[in-house]
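Asker: Provided below: my_file18.pdb, containing PDB, C-alpha atoms and all ligand atoms.
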MODEL        1
ATOM      1  CA  MET A  83      98.508  98.619  75.764
ATOM      2  CA  ASP A  84     101.919  97.161  76.423
ATOM      3  CA  ILE A  85     102.296  95.837  79.937
ATOM      4  CA  ALA A  86     106.064  95.360  79.794
ATOM      5  CA  ASN A  87     106.535  98.927  78.582
ATOM      6  CA  ASN A  88     104.224 100.286  81.261
ATOM      7  CA  ILE A  89     106.200  98.465  83.926
ATOM      8  CA  LYS A  90     109.477  99.827  82.667
ATOM      9  CA  ARG A  91     108.102 103.371  82.592
ATOM     10  CA  LEU A  92     106.510 103.030  86.053
ATOM     11  CA  ALA A  93     109.713 101.655  87.564
ATOM     12  CA  GLY A  94     111.529 104.672  86.143
ATOM     13  CA  CYS A  95     108.984 107.093  87.642
ATOM     14  CA  VAL A  96     109.230 105.358  91.030
ATOM     15  CA  GLU A  97     113.011 105.635  90.978
ATOM     16  CA  THR A  98     112.935 109.304  89.935
ATOM     17  CA  ALA A  99     110.479 110.150  92.722
ATOM     18  CA  ARG A 100     112.530 108.141  95.198
ATOM     19  CA  LEU A 101     115.725 110.019  94.427
ATOM     20  CA  LYS A 102     113.940 113.350  94.894
ATOM     21  CA  SER A 103     112.927 112.911  98.510
ATOM     22  CA  PRO A 104     114.891 112.445 101.737
ATOM     23  CA  LEU A 105     111.817 110.697 103.207
ATOM     24  CA  ALA A 106     111.744 108.065 100.461
ATOM     25  CA  ALA A 107     112.389 104.397 101.257
ATOM     26  CA  LYS A 108     115.489 102.628  99.969
ATOM     27  CA  GLU A 109     113.362 100.067  98.187
ATOM     28  CA  VAL A 110     109.878 100.379  96.772
ATOM     29  CA  VAL A 111     107.934  97.305  95.652
ATOM     30  CA  LEU A 112     105.884  97.796  92.517
ATOM     31  CA  LEU A 113     102.789  95.725  93.283
ATOM     32  CA  ALA A 114     100.506  95.002  90.333
ATOM     33  CA  ALA A 115      96.830  95.400  91.329
ATOM     34  CA  SER A 116      95.460  92.648  89.126
ATOM     35  CA  LYS A 117      91.737  92.633  89.943
ATOM     36  CA  THR A 118      89.679  91.889  86.810
ATOM     37  CA  GLN A 119      92.852  91.067  84.848
ATOM     38  CA  PRO A 120      93.066  87.693  83.111
ATOM     39  CA  ALA A 121      95.869  85.219  83.787
ATOM     40  CA  SER A 122      97.467  86.138  80.455
ATOM     41  CA  ALA A 123      97.986  89.769  81.548
ATOM     42  CA  ILE A 124      99.342  88.600  84.907
ATOM     43  CA  GLU A 125     101.816  86.294  83.179
ATOM     44  CA  GLU A 126     102.924  89.167  80.986
ATOM     45  CA  ALA A 127     103.629  91.233  84.106
ATOM     46  CA  ILE A 128     105.536  88.340  85.691
ATOM     47  CA  GLY A 129     107.590  88.054  82.519
ATOM     48  CA  ALA A 130     108.419  91.756  82.824
ATOM     49  CA  GLY A 131     109.740  91.289  86.349
ATOM     50  CA  ILE A 132     106.761  91.870  88.662
ATOM     51  CA  SER A 133     106.734  89.526  91.646
ATOM     52  CA  ASP A 134     104.051  91.081  93.873
ATOM     53  CA  PHE A 135     100.370  91.082  92.952
ATOM     54  CA  GLY A 136      97.320  92.427  94.747
ATOM     55  CA  GLU A 137      93.778  91.113  94.498
ATOM     56  CA  ASN A 138      90.671  92.647  96.066
ATOM     57  CA  ARG A 139      88.354  89.692  96.308
ATOM     58  CA  VAL A 140      89.070  86.293  97.786
ATOM     59  CA  GLN A 141      86.617  84.620  95.408
ATOM     60  CA  GLU A 142      88.161  86.123  92.280
ATOM     61  CA  ALA A 143      91.657  85.234  93.492
ATOM     62  CA  GLU A 144      90.578  81.639  94.142
ATOM     63  CA  ASN A 145      89.439  81.346  90.552
ATOM     64  CA  LYS A 146      92.590  82.854  89.109
ATOM     65  CA  TRP A 147      95.578  82.199  91.304
ATOM     66  CA  PRO A 148      96.037  78.571  92.395
ATOM     67  CA  GLY A 149      97.392  77.599  88.958
ATOM     68  CA  LEU A 150      99.515  80.727  88.663
ATOM     69  CA  LYS A 151     101.031  80.214  92.111
ATOM     70  CA  LYS A 152     101.979  76.672  91.226
ATOM     71  CA  LYS A 153     103.578  77.810  87.987
ATOM     72  CA  TYR A 154     105.346  80.834  89.554
ATOM     73  CA  PRO A 155     106.199  79.891  93.146
ATOM     74  CA  GLY A 156     108.247  83.064  93.646
ATOM     75  CA  VAL A 157     105.219  85.305  93.277
ATOM     76  CA  LYS A 158     103.827  86.977  96.409
ATOM     77  CA  LEU A 159     100.072  87.454  96.514
ATOM     78  CA  HIS A 160      98.633  90.319  98.581
ATOM     79  CA  LEU A 161      95.019  90.779  99.623
ATOM     80  CA  ILE A 162      94.300  94.504  99.209
ATOM     81  CA  GLY A 163      90.495  94.417  99.519
ATOM     82  CA  PRO A 164      88.269  93.932 102.561
ATOM     83  CA  LEU A 165      88.295  90.510 104.225
ATOM     84  CA  GLN A 166      85.114  89.000 105.650
ATOM     85  CA  THR A 167      85.569  86.999 108.816
ATOM     86  CA  ASN A 168      83.984  83.915 107.257
ATOM     87  CA  LYS A 169      86.559  83.953 104.419
ATOM     88  CA  VAL A 170      89.645  84.022 106.655
ATOM     89  CA  LYS A 171      90.678  80.410 106.043
ATOM     90  CA  GLN A 172      90.254  80.676 102.282
ATOM     91  CA  ALA A 173      92.262  83.900 102.268
ATOM     92  CA  LEU A 174      95.075  82.482 104.390
ATOM     93  CA  ALA A 175      95.287  79.396 102.188
ATOM     94  CA  LEU A 176      96.034  81.567  99.149
ATOM     95  CA  PHE A 177      97.494  84.939 100.137
ATOM     96  CA  ASP A 178     101.026  85.581 101.406
ATOM     97  CA  VAL A 179     100.265  89.089 102.607
ATOM     98  CA  ILE A 180      97.036  90.495 104.065
ATOM     99  CA  GLN A 181      97.085  94.292 103.780
ATOM    100  CA  THR A 182      93.610  94.923 105.146
ATOM    101  CA  LEU A 183      93.378  93.990 108.821
ATOM    102  CA  ASP A 184      90.963  96.609 110.126
ATOM    103  CA  ARG A 185      88.922  95.348 113.061
ATOM    104  CA  GLU A 186      89.258  93.287 116.199
ATOM    105  CA  GLY A 187      86.862  90.551 115.098
ATOM    106  CA  LEU A 188      88.927  89.952 111.971
ATOM    107  CA  ALA A 189      92.238  89.941 113.845
ATOM    108  CA  GLU A 190      90.779  87.432 116.309
ATOM    109  CA  ALA A 191      89.531  85.218 113.493
ATOM    110  CA  VAL A 192      93.023  85.208 111.929
ATOM    111  CA  ALA A 193      94.705  84.515 115.266
ATOM    112  CA  GLY A 194      92.153  81.776 115.901
ATOM    113  CA  VAL A 195      93.542  79.631 113.081
ATOM    114  CA  ARG A 196      97.177  80.319 113.993
ATOM    115  CA  ASP A 197      97.852  76.694 114.850
ATOM    116  CA  SER A 198      95.983  75.202 111.900
ATOM    117  CA  GLY A 199      98.828  75.015 109.397
ATOM    118  CA  PHE A 200      98.256  78.268 107.502
ATOM    119  CA  GLY A 201     101.801  79.417 108.247
ATOM    120  CA  ILE A 202     100.677  82.683 109.786
ATOM    121  CA  GLN A 203     104.117  83.451 111.223
ATOM    122  CA  GLU A 204     105.585  83.443 107.708
ATOM    123  CA  LYS A 205     102.944  85.785 106.349
ATOM    124  CA  GLU A 206     102.852  89.570 106.542
ATOM    125  CA  PHE A 207      99.990  91.623 107.881
ATOM    126  CA  TYR A 208      99.290  95.308 107.311
ATOM    127  CA  ILE A 209      96.690  97.322 109.123
ATOM    128  CA  GLN A 210      94.453  99.408 106.918
ATOM    129  CA  VAL A 211      93.822 102.899 108.250
ATOM    130  CA  ASN A 212      90.852 104.966 107.090
ATOM    131  CA  THR A 213      92.849 108.198 107.073
ATOM    132  CA  GLY A 214      89.965 110.197 105.593
ATOM    133  CA  GLU A 215      87.477 108.720 108.117
ATOM    134  CA  GLU A 216      85.095 107.973 105.244
ATOM    135  CA  PRO A 217      82.053 106.018 106.433
ATOM    136  CA  GLN A 218      81.899 103.835 103.304
ATOM    137  CA  LYS A 219      85.584 102.929 103.430
ATOM    138  CA  ALA A 220      87.274 100.080 105.279
ATOM    139  CA  GLY A 221      90.067 100.720 107.752
ATOM    140  CA  VAL A 222      90.535 101.522 111.398
ATOM    141  CA  ALA A 223      90.068 105.204 112.352
ATOM    142  CA  PRO A 224      93.397 107.041 112.776
ATOM    143  CA  GLU A 225      92.829 107.695 116.490
ATOM    144  CA  LYS A 226      92.152 103.987 117.053
ATOM    145  CA  ALA A 227      95.197 102.806 115.086
ATOM    146  CA  ASP A 228      97.709 102.659 117.968
ATOM    147  CA  GLY A 229      95.332 100.580 120.066
ATOM    148  CA  PHE A 230      94.492  98.242 117.220
ATOM    149  CA  ILE A 231      98.154  97.679 116.344
ATOM    150  CA  GLU A 232      98.779  96.758 119.977
ATOM    151  CA  PHE A 233      95.741  94.461 119.926
ATOM    152  CA  CYS A 234      97.034  92.595 116.853
ATOM    153  CA  ARG A 235     100.519  92.276 118.308
ATOM    154  CA  LYS A 236      99.150  90.826 121.530
ATOM    155  CA  LEU A 237      97.361  88.212 119.436
ATOM    156  CA  GLY A 238     100.767  87.292 117.982
ATOM    157  CA  LEU A 239     100.091  88.458 114.432
ATOM    158  CA  PRO A 240     103.188  89.545 112.497
ATOM    159  CA  VAL A 241     102.168  93.117 111.724
ATOM    160  CA  VAL A 242     104.720  94.721 109.390
ATOM    161  CA  GLY A 243     103.093  97.911 108.197
ATOM    162  CA  LEU A 244     100.150 100.127 107.384
ATOM    163  CA  MET A 245      98.043 100.629 104.288
ATOM    164  CA  CYS A 246      95.628 103.367 103.241
ATOM    165  CA  VAL A 247      93.501 104.528 100.330
ATOM    166  CA  PRO A 248      93.090 108.325 100.569
ATOM    167  CA  PRO A 249      89.736 109.954  99.725
ATOM    168  CA  VAL A 250      89.104 110.621  96.053
ATOM    169  CA  GLY A 251      89.368 114.295  95.134
ATOM    170  CA  GLN A 252      91.608 115.333  98.030
ATOM    171  CA  PRO A 253      95.351 115.938  97.890
ATOM    172  CA  PRO A 254      96.799 112.601  99.046
ATOM    173  CA  ALA A 255      99.977 113.922 100.697
ATOM    174  CA  PRO A 256      98.440 114.769 104.112
ATOM    175  CA  HIS A 257      96.930 111.261 104.257
ATOM    176  CA  PHE A 258     100.259 109.697 103.363
ATOM    177  CA  ALA A 259     101.978 111.837 105.996
ATOM    178  CA  LEU A 260      99.451 110.798 108.651
ATOM    179  CA  LEU A 261      99.973 107.111 107.853
ATOM    180  CA  ARG A 262     103.725 107.563 107.977
ATOM    181  CA  GLU A 263     103.495 109.205 111.384
ATOM    182  CA  ILE A 264     101.348 106.391 112.806
ATOM    183  CA  ALA A 265     103.793 103.794 111.420
ATOM    184  CA  LEU A 266     106.840 105.585 112.832
ATOM    185  CA  ARG A 267     105.471 105.942 116.338
ATOM    186  CA  ASN A 268     104.511 102.249 116.343
ATOM    187  CA  GLY A 269     107.801 100.982 114.959
ATOM    188  CA  LEU A 270     106.289  99.669 111.704
ATOM    189  CA  GLY A 271     108.632  99.671 108.705
ATOM    190  CA  LYS A 272     106.300  99.138 105.760
ATOM    191  CA  LEU A 273     103.913 101.578 104.131
ATOM    192  CA  SER A 274     101.542 100.445 101.383
ATOM    193  CA  LEU A 275     100.808 103.785  99.802
ATOM    194  CA  GLY A 276     100.058 105.024  96.331
ATOM    195  CA  MET A 277      98.004 103.990  93.299
ATOM    196  CA  SER A 278      98.116 104.941  89.615
ATOM    197  CA  ASN A 279      97.193 108.570  90.212
ATOM    198  CA  ASP A 280      99.282 109.356  93.262
ATOM    199  CA  PHE A 281     102.152 106.882  93.505
ATOM    200  CA  GLU A 282     104.881 109.462  92.984
ATOM    201  CA  ALA A 283     103.661 111.533  95.936
ATOM    202  CA  ALA A 284     103.444 108.279  97.909
ATOM    203  CA  VAL A 285     107.038 107.344  97.094
ATOM    204  CA  ARG A 286     108.223 110.796  98.135
ATOM    205  CA  MET A 287     106.447 110.257 101.488
ATOM    206  CA  GLY A 288     108.185 106.943 102.150
ATOM    207  CA  SER A 289     105.962 104.324 100.505
ATOM    208  CA  THR A 290     107.543 100.858 100.444
ATOM    209  CA  CYS A 291     104.799  99.372  98.247
ATOM    210  CA  VAL A 292     102.876 101.148  95.505
ATOM    211  CA  ARG A 293      99.744  99.342  94.275
ATOM    212  CA  ILE A 294      99.312 100.028  90.589
ATOM    213  CA  GLY A 295      96.445  98.779  88.444
ATOM    214  CA  THR A 296      95.344 101.071  85.638
ATOM    215  CA  ALA A 297      98.729 102.561  84.799
ATOM    216  CA  LEU A 298     100.192  99.066  84.508
ATOM    217  CA  PHE A 299      97.455  96.968  82.872
ATOM    218  CA  GLY A 300      95.345  99.695  81.231
ATOM    219  CA  GLU A 301      91.740 100.608  82.070
ATOM    220  CA  ARG A 302      89.777  97.927  83.915
ATOM    221  CA  ALA A 303      86.527  96.494  82.651
ATOM    222  CA  VAL A 304      83.650  97.501  84.957
ATOM    223  CA  ILE A 305      83.632  95.236  88.012
ATOM    224  CA  PRO A 306      80.307  93.463  88.328
ATOM    225  CA  ALA A 307      78.614  94.092  91.685
TER     226      ALA A 307
HETATM  227  C1  LIG B   1      92.352  98.687  92.441
HETATM  228  C2  LIG B   1      93.191  99.088  93.582
HETATM  229  C3  LIG B   1      94.441  99.688  93.378
HETATM  230  C4  LIG B   1      94.954 100.086  92.009
HETATM  231  O1  LIG B   1      94.215 101.176  91.536
HETATM  232  P1  LIG B   1      94.646 101.975  90.202
HETATM  233  O2  LIG B   1      94.074 103.327  90.407
HETATM  234  O3  LIG B   1      93.994 101.239  89.070
HETATM  235  O4  LIG B   1      96.102 101.959  90.118
HETATM  236  C5  LIG B   1      95.216  99.963  94.498
HETATM  237  N1  LIG B   1      94.784  99.680  95.745
HETATM  238  C6  LIG B   1      93.593  99.112  95.977
HETATM  239  C7  LIG B   1      93.186  98.826  97.378
HETATM  240  C8  LIG B   1      92.757  98.814  94.907
HETATM  241  O5  LIG B   1      91.561  98.283  95.144
ENDMDL
END
Taking this structure as input, can you express it in the form of structure tokens?
Ligand SMILES: *Cc1c(COP(=O)(O)O)cnc(C)c1O
Answerer:
Amino acid sequence: MDIANNIKRLAGCVETARLKSPLAAKEVVLLAASKTQPASAIEEAIGAGISDFGENRVQEAENKWPGLKKKYPGVKLHLIGPLQTNKVKQALALFDVIQTLDREGLAEAVAGVRDSGFGIQEKEFYIQVNTGEEPQKAGVAPEKADGFIEFCRKLGLPVVGLMCVPPVGQPPAPHFALLREIALRNGLGKLSLGMSNDFEAAVRMGSTCVRIGTALFGERAVIPA
């Protein structure tokens, strides 16, 4: 497993996919999904040019990232897993980007600490959409997305884009297309779309941020429950 080599190869695949599609974005961020990865692997990725990282759990990120952020102040940390309302302050203290706003109570909790020095106006927020309407999956339902985007904007949250995780075992392209359509009609420029298995299709559909774990770091150890 050679992280630097993987990154080089992935960047090449992203660029090839990008050049193939008229819908593709001008720039695609290669975000390293670093859940379960040790600091050493993260530092290897930083050394190979990665500046955006995604973590799924606030707790895990709190154990891993404060030292790394101090050492590499240019790195942008994204929360790509569900956020519990009672962890909002901890999350805002550490993450630069929250990709998983998905319910009114959470948006209100974030807006509620707007004046408490977390620098919310400098952060970026994405709304997660449950494009497959899977009961076990986080995200606002597609038909509720327009209303929820409006709700977040009225609260003054800087919403920049949408994020989704399509259902396993289905072709991802229709889900990517649906997300793109919701973003376009709401004037949102960023699309967090695509993982190890489907990032090329995501780039062709206009992804501005692919979230890659396995193909970049290698297989993950099993995540303890
Ligand atoms: C883990 C994770 C990824 C990366 O998944 P891979 O298939 O390992 O590339 C992307 N997005 C989210 C939300 C994740 O939890």
Asker: So that each row is one residue of chain A with an atom at most 10 Å from ligand LIG 1 (chain B), can you give its shortest atom pair and the distance in Å to one decimal, using all atoms listed in the file, rows by chain and rising number, as a tab-separated table?
Answerer:
residue	atom	partner	partner_atom	distance
A:Leu113	CA	B:LIG1	C5	8.8
A:Ala114	CA	B:LIG1	C4	7.7
A:Ala115	CA	B:LIG1	C4	5.1
A:Ser116	CA	B:LIG1	C1	7.6
A:Lys117	CA	B:LIG1	C1	6.6
A:Thr118	CA	B:LIG1	C1	9.2
A:Gly136	CA	B:LIG1	N1	7.7
A:Glu137	CA	B:LIG1	O5	7.5
A:Asn138	CA	B:LIG1	O5	5.8
A:Arg139	CA	B:LIG1	O5	9.2
A:Leu161	CA	B:LIG1	C7	8.6
A:Ile162	CA	B:LIG1	C7	4.8
A:Gly163	CA	B:LIG1	C7	5.6
A:Pro164	CA	B:LIG1	C7	8.7
A:Gln181	CA	B:LIG1	C7	8.8
A:Thr182	CA	B:LIG1	C7	8.7
A:Gln210	CA	B:LIG1	C7	9.6
A:Ala220	CA	B:LIG1	C7	9.9
A:Met245	CA	B:LIG1	C7	8.6
A:Cys246	CA	B:LIG1	C7	7.8
A:Val247	CA	B:LIG1	C7	6.4
A:Ser274	CA	B:LIG1	N1	8.8
A:Leu275	CA	B:LIG1	N1	8.3
A:Gly276	CA	B:LIG1	C5	7.2
A:Met277	CA	B:LIG1	O4	4.2
A:Ser278	CA	B:LIG1	O4	3.6
A:Asn279	CA	B:LIG1	O2	6.1
A:Asp280	CA	B:LIG1	O2	8.5
A:Phe281	CA	B:LIG1	O4	8.5
A:Val292	CA	B:LIG1	C5	7.8
A:Arg293	CA	B:LIG1	C5	4.6
A:Ile294	CA	B:LIG1	O4	3.8
A:Gly295	CA	B:LIG1	O3	3.5
A:Thr296	CA	B:LIG1	O3	3.7
A:Ala297	CA	B:LIG1	O4	6.0
A:Leu298	CA	B:LIG1	O4	7.5
A:Phe299	CA	B:LIG1	O3	8.3
A:Gly300	CA	B:LIG1	O3	8.1
A:Glu301	CA	B:LIG1	O3	7.4
A:Arg302	CA	B:LIG1	O3	7.4
Asker: Can you give me, as a count of residues only, the residues this file yields under the PyMOL selection byres (((chain A and resi 151-160) around 8) and not hetatm)?
Answerer: 17
Asker: For each of A:Asp84, A:Glu144, A:Glu206, A:Glu216, take the minimum atom-to-atom distance to Ala175 in chain A, counting only C-alpha atoms, then give the residue where this is smallest.
Answerer: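 Once distances to Ala175 in chain A are computed over only C-alpha atoms, the minimum belongs to A:Glu144.
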Asker: Tell me, in Å to one decimal, how far CA of Gly288 in chain A is from CA of Leu273 in chain A.
Answerer: 7.1 Å
Asker: Take the PyMOL selection byres (((chain A and resi 190-196) around 8) and not hetatm), run it mentally on this structure, and tell me the resulting residues as a VMD selection string.
Answerer: chain A and resid 167 170 to 171 186 to 189 197 to 202 237 to 239
Asker: Quote the spacing between CA of Leu260 in chain A and CA of Thr213 in chain A in Å to one decimal place.
Answerer: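 The value is 7.3 Å.
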Asker: For range 85-102 of chain A, work out the shell of residues within 8 Å, counting only C-alpha atoms and skipping chain neighbours fewer than 6 positions away, then give it as a ChimeraX atom specification.
Answerer: /A:108,110,112,123,126-127,129-130,281-283,285-286,297-299
Asker: Can you spell out as an MDAnalysis selection string the set of residues that the PyMOL selection byres (((chain A and resi 225) around 12) and not hetatm) selects in the structure I just provided?
Answerer: chainID A and resid 211:215 221:224 226:231 260:261 263:264
Asker: Suppose we keep C-alpha atoms; can you now write the selection as a CSV table (one decimal), in the coordinates of the input?
Answerer:
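File produced: selection37.csv:
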chain,number,residue,atom,x,y,z
A,211,VAL,CA,93.8,102.9,108.2
A,212,ASN,CA,90.9,105.0,107.1
A,213,THR,CA,92.8,108.2,107.1
A,214,GLY,CA,90.0,110.2,105.6
A,215,GLU,CA,87.5,108.7,108.1
A,221,GLY,CA,90.1,100.7,107.8
A,222,VAL,CA,90.5,101.5,111.4
A,223,ALA,CA,90.1,105.2,112.4
A,224,PRO,CA,93.4,107.0,112.8
A,226,LYS,CA,92.2,104.0,117.1
A,227,ALA,CA,95.2,102.8,115.1
A,228,ASP,CA,97.7,102.7,118.0
A,229,GLY,CA,95.3,100.6,120.1
A,230,PHE,CA,94.5,98.2,117.2
A,231,ILE,CA,98.2,97.7,116.3
A,260,LEU,CA,99.5,110.8,108.7
A,261,LEU,CA,100.0,107.1,107.9
A,263,GLU,CA,103.5,109.2,111.4
A,264,ILE,CA,101.3,106.4,112.8
Asker: Between CA of Ala106 in chain A and CA of Arg262 in chain A, what is the distance in Å, rounded to a tenth?
Answerer: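 Spanning CA of Ala106 in chain A to CA of Arg262 in chain A is a straight-line distance of 11.0 Å.
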Asker: Which is closest to Pro248 in chain A among A:Leu270, A:Ala173, A:Leu105, A:Ala284, if we use only C-alpha atoms?
Answerer: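 Looking at the shortest contact to Pro248 in chain A, the residue is A:Ala284.
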Asker: Please determine an axis-aligned box that encloses all atoms of range 132-147 of chain A listed in the file, with 3 Å added on each side, and express its centre and edge lengths in Å to one decimal as JSON.
Answerer:
{"center_x": 96.7, "center_y": 87.0, "center_z": 93.2, "size_x": 26.1, "size_y": 17.3, "size_z": 15.1}
Asker: Nearest to Gln203 in chain A: which of A:Lys169, A:Ser122, A:Pro217, A:Val242 is it, counting all atoms listed in the file?
Answerer: A:Val242
